[in-house]
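Following: one structure in structure tokens, then a few remarks.
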Amino acid sequence: MKQADVIIIGGGAAGFFTAINAAENNPKLKIIILERGKEVLTKVKVSGGGRCNVTHAEFLPKELTQNYPRGEKELLGPFHTFMTGDTIEWFEKRGVELKIEEDGRMFPVSDSSQTIIDCFLSEAKRLGVGVLLNQSVKEIQKDGEYFIINTTTDTFSAKKVVIATGSNPKIWQLLEGLGHTIVPAVPSLFTFNIKDSRIIDLPGLSTDASVKILDAKRKTILESNGPLLITHWGMSGPAILKLSAWGARLLEPLKYHFNIEVNWLNSLSEEEVLDSLKEIKNIQGKQTIFKYAQFELPKRLWQSLVKASGIAESLTWADATRENLQNLANQLTAGIFEVTGKSTFKEEFVTAGGVDLKEVNFKTFESRKVDGLYFAGEVLNIDAITGGFNFQNAWTGGFLVAQAITK
């Protein structure tokens with residue numbers, strides 16, 4: 001049997017961050033990371049298209065929590081201890097400079113996730129953290145003060161165990177065996193599959209829009225706005241991804257079949273747009289409606305919506321009927337699209353689900369059920385919208401766990 005002071009299960013972002021901080025706080029501790037795969041930090045490698053979206057430039061704890069559909073309330077306290085500014089400083093101290101992009105996402109200046117991986121590996125090595133690969137955990141038992149962990153090849157024992165395995169159903173099962181409640185996992189962060197003649201020829205087009213998810217009676221269930229990207233299979237972009245994250249639990253029972261309403265003009269109402277269209281009719285009577293885009297909309301989108309309103313390409317503003325204008329105002333502000341499924345957003349497969357948050361002490365991220373058992377990262381029922389927030393949760397949890405186990 002191999003002994004350690006601390007065993008961390010999971011060689012990803014949260015696992016390494018916990019190990020490095022714990023080893024720095026107390027260099028005498030024997031810390032071992034057990035990774036089931038043949039490589040560590042694989043999710044870090046592909047994150048942000050291979051650039052690693054480390055965190056997000058949001059510097060107020062309350063504002064930061066609002067990016068977590070699950071975990072908003074629980075993370076407020078922890079963010080007062082360790083959040084974005086601390087993350088930036090932590091990496092800078094270790095020679096990794098971060099930069100802020102226009103949308104607030106933060107990346108290493110090198111634009112390569114390998115920079116983050118190299119930083120973690122060299123710090124773990126410098127501090128004597130043991131990293132063992134191909135260690136798939138089969139059993140976790142508590143024997144007095146000690147945890148006994150059986151993997152495919154070895155048996156380990158330690159007084160403190162940190163679970164940093166992300167969304168791993170096998171580990172969740174073992175945690176249920178220790179008395180924890182697991183909230184079943186459902187996908188979060190996905191794009192909407194839509195087959196519709198209005199957008200079929202527009203893949204790659206992006207514009208700001210406001211989007212609502214509607215129930216069977218056409219009442220709004222959820223609403224979001226921001227950049228909307230038309231893709232070959234439907235719609236994506238922040239406006240859609242936000243809805244998928246906040247609606248993760250609502251959309252699963254619907255088997256991802258539902259309607260959305262898109263307002264391509266964001267906050268303008270149908271009435272306001274109709275008034276504007278009447279003004280345009282008075283001023284630009286001789287122009288054809290189809291030819292010149294209005295409201296600063298992308299031309300191809302404008303033309304597609306004009307066609308969808310039943311307006312002929314040759315119709316001039318002067319000849320437009322009230323019905324023509326009404327139909328166009330409706331297409332611009334309240335177009336209904338049928339969603340028939342979902343697709344994974346890039347490689348960033350995120351799930352909602354995990355250890356029930358009521359069973360965790362968020363001052364230390366320690367289990368309320370089992371003394372000496374800690375959690376960091378997405379093993380908990382915490383998830384975020386896209387933009388570096390899931391990593392920030394991993395850094396904050398890892399930091400607080402490291403503090404707790406080295407006190």
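In the structure tokens, chains take the letters A, B, ... in the order shown, each chain's residues start at 1, and ligands count up from 1 in the order shown.
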Could you pull out the strand (DSSP E) residues of stretch 222-310 of chain A, going by DSSP on the backbone, and write them as number ranges by chain? A: 222-231, 234-236, 258-263
Same residues, C-alpha atoms, saved as a PDB file, in the first residue's frame:
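Below is the file that was written, again_38.pdb:
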```pdb
ATOM      1  CA  LEU A 222     -36.179  32.063 -20.746  1.00  0.00           C
ATOM      2  CA  GLU A 223     -34.652  35.037 -22.514  1.00  0.00           C
ATOM      3  CA  SER A 224     -31.142  36.099 -23.452  1.00  0.00           C
ATOM      4  CA  ASN A 225     -29.387  38.471 -25.795  1.00  0.00           C
ATOM      5  CA  GLY A 226     -25.964  38.964 -27.358  1.00  0.00           C
ATOM      6  CA  PRO A 227     -24.152  37.836 -30.495  1.00  0.00           C
ATOM      7  CA  LEU A 228     -26.053  35.131 -32.399  1.00  0.00           C
ATOM      8  CA  LEU A 229     -24.127  33.037 -34.931  1.00  0.00           C
ATOM      9  CA  ILE A 230     -25.884  31.191 -37.747  1.00  0.00           C
ATOM     10  CA  THR A 231     -24.208  27.832 -38.422  1.00  0.00           C
ATOM     11  CA  GLY A 234     -28.698  26.033 -36.837  1.00  0.00           C
ATOM     12  CA  MET A 235     -27.796  28.709 -34.301  1.00  0.00           C
ATOM     13  CA  SER A 236     -24.926  29.242 -31.865  1.00  0.00           C
ATOM     14  CA  PHE A 258     -39.031  23.468 -28.642  1.00  0.00           C
ATOM     15  CA  ASN A 259     -39.618  26.867 -30.269  1.00  0.00           C
ATOM     16  CA  ILE A 260     -37.578  30.019 -29.966  1.00  0.00           C
ATOM     17  CA  GLU A 261     -38.520  33.582 -30.884  1.00  0.00           C
ATOM     18  CA  VAL A 262     -35.750  35.716 -32.364  1.00  0.00           C
ATOM     19  CA  ASN A 263     -35.740  39.513 -32.318  1.00  0.00           C
TER      20      ASN A 263
END
```
Could you list, as a ChimeraX atom specification, every residue within 8 Å of stretch 382-389 of chain A, counting only C-alpha atoms and ignoring same-chain residues fewer than 2 positions away? /A:53-56,67-71,104-106,188-189,238,241-242,245,350-354,377-380,391-393
May I have the residues from that selection written out with C-alpha atoms, as a compact mmCIF listing (two decimals), in the first residue's frame?
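Final output, again_33.txt:
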```
# COMPACT_ATOMS: atom_id res chain seq x y z
CA ASN A 53 -9.59 30.57 -21.74
CA VAL A 54 -8.11 30.91 -18.23
CA THR A 55 -10.68 33.26 -16.68
CA HIS A 56 -12.93 36.25 -17.41
CA ASN A 67 -22.44 33.58 -14.88
CA TYR A 68 -23.18 30.33 -13.02
CA PRO A 69 -26.64 28.82 -13.67
CA ARG A 70 -25.81 26.34 -10.90
CA GLY A 71 -23.54 27.56 -8.08
CA GLY A 104 -13.76 39.89 -21.55
CA ARG A 105 -12.27 36.42 -22.01
CA MET A 106 -8.70 36.08 -20.75
CA SER A 188 -25.24 22.34 -20.67
CA LEU A 189 -23.60 24.67 -23.24
CA PRO A 238 -23.32 33.64 -26.78
CA LEU A 241 -25.18 29.24 -25.36
CA LYS A 242 -26.48 31.31 -22.44
CA ALA A 245 -26.78 26.78 -19.89
CA VAL A 350 -20.04 20.84 -20.13
CA THR A 351 -22.70 19.13 -18.04
CA ALA A 352 -25.01 20.34 -15.31
CA GLY A 353 -25.04 17.85 -12.46
CA GLY A 354 -22.80 16.39 -9.79
CA GLY A 377 -14.18 21.85 -10.06
CA GLU A 378 -17.00 20.31 -12.05
CA VAL A 379 -17.43 17.17 -9.90
CA LEU A 380 -19.83 19.47 -8.01
CA PHE A 391 -11.96 27.39 -15.03
CA GLN A 392 -12.39 30.20 -12.50
CA ASN A 393 -14.59 27.88 -10.44
```
Go through stretch 121-154 of chain A and flag each residue having an atom no more than 8 Å from stretch 28-39 of chain A; for those, report the closest pair of atoms plus their distance in Å to one decimal, using only C-alpha atoms, ordered by chain and rising number, as CSV.
```
residue,atom,partner,partner_atom,distance
A:Gly128,CA,A:Ile31,CA,7.9
A:Val129,CA,A:Ile31,CA,5.3
A:Gly130,CA,A:Ile32,CA,4.5
A:Val131,CA,A:Ile33,CA,4.8
A:Leu132,CA,A:Leu34,CA,5.2
A:Leu133,CA,A:Glu35,CA,4.9
A:Asn134,CA,A:Arg36,CA,4.6
A:Gln135,CA,A:Arg36,CA,4.4
A:Ser136,CA,A:Arg36,CA,4.2
A:Val137,CA,A:Arg36,CA,7.1
```
Non-local contacts of A:Leu268 (10 Å; only C-alpha atoms; under 5 positions in same chain excluded) as a ChimeraX atom specification: /A:210,263,273,332-333
Enumerate as a list in words all residues of stretch 109-193 of chain A assigned to alpha helix (DSSP H) by DSSP on the backbone, naming them with the chain letters and numbers the document uses. Ser113, Gln114, Thr115, Ile116, Ile117, Asp118, Cys119, Phe120, Leu121, Ser122, Glu123, Ala124, Lys125, Arg126, Pro169, Lys170, Ile171, Trp172, Gln173, Leu174, Leu175, Glu176 and Gly177 of chain A
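Computed from the coordinates, the atom CA of A:Ala13 to atom CA of A:Thr115 distance equals 13.1 Å.
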If we count only C-alpha atoms, what is near A:Phe365 at a cut-off of 8 Å, once residues fewer than 2 positions away on the same chain are taken out, given as a PyMOL selection string? chain A and resi 360-363+367+374-376+397+400-401
